[in-house]
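Written out below as structure tokens is the structure these notes cover.
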Amino acid sequence: MNSAGTTEILSTHTPELFQTAVLHAARLLRAGNVVALPTETVYGLAANALDAKAVAQIYEIKGRPSHNPIIVHVSDLAMAKRCVSHWPATATRLASAFWPGPLTMVLPRSDAIPDIVTAGGDTVGVRWPSHPFIQAVVRECDFPLAAPSANISNRLSPTNAAHVAAQLGDKLPFIVDGGQSQVGIESTVVDLTSTPPRVLRPGMIHTESLEATLEMPVADCRLPIAVAALKSPGLLKKHYSPRAKLFVLSWRDTAALLAQLSTLNIPPSRCGIIAHTTIPSDEQFGGVSVIPHDAEAFARAIYSELHRCDEAAVEWIIVESPPAAPEWEGIADRLRRASAEGMETRNLPIGREVC
């Protein structure tokens with residue numbers, strides 16, 4: 001907290017405000033504090049990745065399980081290589097194609113990375129984000145940042161500063177308002193310590209793009225997470241969840257949707273509907289919102305729509321099932337995990353197995 005005992009939120013919409021926020025965030029991070037910063041994927045809860053005590057605060061603030069590792073964010077290739085003990089040719093290829101951007105590479109950790117960052121494992125996830133603000137902060141600090149999503153563990157990831165403030169505002173000294181996240185879901189994670197490379201968490205850089213870049217097959221995550229240390233966040237069955245129960249359904253028209261809700265004993269008037277193709281009439285529902293039938297636009301908007309449904313206090317959220325196409329695999333993964341406590345997701349497209 002600042003001297004007044006409240007969370008300070010700074011905007012970055014002018015060059016002067018941007019620089020002021022960079023310097024203030026860097027001062028707090030050097031002092032061992034945790035701050036919330038924008039990235040192009042979702043907002044992150046950042047601390048000095050080389051300071052175990054600072055990283056421990058992230059786990060405490062989020063209520064994050066100690067076995068769930070944290071991705072390390074860097075500002076260039078040189079810093080990335082200092083975080084790992086081995087940098088293979090596959091990493092060079094992927095970095096050339098997708099960095100800066102929403103791709104995390106899991107590699108053997110260097111001795112500089114504390115155990116708490118990797119949850120005691122021998123690998124570390126490293127990402128060079130493309131958002132100019134977090135890039136500037138890492139450069140100013142000259143150390144990598146451990147930065148999971150800035151939310152309570154297992155809850156919806158934040159894609160703007162207001163989402164962070166609503167969940168964690170009473171626990172943070174500083175939130176940077178860098179506008180709406182432009183990717184909207186968490187990064188793709190690929191494990192380069194396995195042969196062949198393996199996608200641990202799908203995202204908007206999908207498997208076919210990775211295979212084209214590497215010129216080799218890339219495996220899906222089929223290793224049961226109960227029998228090995230987690231190499232990446234995003235592998236828990238329940239994750240990215242709104243307060244309302246979430247269901248993923250397909251319907252051909254409003255009558256078919258109502259029939260499914262009746263079977264599930266869900267009152268339509270207490271449902272928020274999120275559709276992209278078959279738009280039901282809004283007369284009988286608690287609300288209907290429409291996201292464009294485009295994977296990138298859908299990813300940018302889905303968490304905000306889920307936050308909006310929670311703010312509207314609906315009891316159920318019904319999301320129209322995404323298409324079974326490679327560019328939608330990250331979205332399908334997030335919806336599957338968000339619905340894990342409500343029910344088995346119905347009609348979610350079956351394509352590549354994702355973990």
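Chain labels run A, B, ... following the order of the structure tokens; each chain numbers its residues from 1, and ligands are numbered from 1 in the order shown.
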- [ ] Name all residues at most 10 Å from Glu208 of chain A (count only C-alpha atoms; drop same-chain ones fewer than 4 positions away) and give them as a PyMOL selection string.
- [x] chain A and resi 212-214+217-218+326-327
Task: helix (DSSP H, G or I) call set, DSSP backbone run, segment 248-348 of chain A, as number ranges by chain - done: A: 254-263, 268-270, 295-311, 326-338
Hey, which bits of segment 204-296 of chain A sit within 12 Å of segment 28-45 of chain A, and for each residue what's the closest pair of atoms and how far apart in Å (one decimal), counting only C-alpha atoms, rows by chain and increasing number, as CSV?
residue,atom,partner,partner_atom,distance
A:Met204,CA,A:Thr41,CA,9.5
A:Ile205,CA,A:Thr41,CA,11.6
A:Tyr240,CA,A:Val42,CA,11.5
A:Glu296,CA,A:Thr41,CA,11.5
- [ ] Just the residues within 7 Å of Gly287 of chain A, please, counting only C-alpha atoms, with nothing from its chain fewer than 5 positions along; format it as an NGL selection string.
- [x] :A and (271-273 or 282)
Open item on the list: So that I can see what lies close to Val137 of chain A, please list as a PyMOL selection string the residues with an atom at most 9 Å from it, counting only C-alpha atoms and leaving out residues fewer than 4 positions away in the same chain.
Closed with: chain A and resi 21-23+25-26+75+132-133+141-142
TODO: Would you mind listing what lies within 6 Å of Val126 of chain A as a list in words, with only C-alpha atoms counted and same-chain residues fewer than 2 positions away left out?
DONE: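 Listing them by chain and then by number gives Ile71, Val72, His73, Thr104 and Met105 of chain A.
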Prev. selection, N, CA, C and O atoms, output as a short mmCIF file (atom, residue, chain, number, x, y, z; two decimals), in the first residue's frame:
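File written: out_7.cif
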data_model
loop_
_atom_site.label_atom_id
_atom_site.label_comp_id
_atom_site.auth_asym_id
_atom_site.auth_seq_id
_atom_site.Cartn_x
_atom_site.Cartn_y
_atom_site.Cartn_z
N ILE A 71 5.84 -18.52 -14.34
CA ILE A 71 6.60 -18.17 -15.54
C ILE A 71 7.46 -16.94 -15.26
O ILE A 71 7.04 -15.99 -14.58
N VAL A 72 8.66 -16.95 -15.83
CA VAL A 72 9.61 -15.84 -15.70
C VAL A 72 9.56 -15.01 -16.98
O VAL A 72 9.63 -15.55 -18.09
N HIS A 73 9.45 -13.68 -16.81
CA HIS A 73 9.35 -12.76 -17.94
C HIS A 73 10.65 -11.98 -18.11
O HIS A 73 11.20 -11.46 -17.13
N THR A 104 5.52 -19.20 -24.09
CA THR A 104 6.43 -19.54 -23.00
C THR A 104 7.15 -20.83 -23.36
O THR A 104 6.52 -21.80 -23.78
N MET A 105 8.48 -20.82 -23.18
CA MET A 105 9.27 -22.02 -23.43
C MET A 105 9.78 -22.58 -22.11
O MET A 105 10.36 -21.84 -21.30
#
Open item on the list: Using only C-alpha atoms, which protein or nucleic acid residues come within 10 Å of Ala89 of chain A? Drop anything in the same chain fewer than 5 positions from it, and give the result as a ChimeraX atom specification.
Closed with: /A:94-95,192,214
Open item on the list: Nearest residue to Ile331 of chain A out of A:Ser262, A:Asp191, A:Ala313, A:Ile185, using only C-alpha atoms?
Closed with: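 Answer, going by the shortest atom-to-atom distance: A:Ile185.
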Open item on the list: I'd like the contact shell of Ile291 of chain A - 12 Å cut-off, only C-alpha atoms, skipping same-chain residues fewer than 6 positions apart - returned as a list in words.
Closed with: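 Final neighbour list, sorted by chain and number: Ile273, Ile274, Ala275, His276, Thr277, Thr278, Ile279, Ala297, Phe298, Ala299, Arg300, Ala301, Ile302, Tyr303, Ser304, Glu305, Leu306, Val319, Glu320 and Pro322 of chain A.
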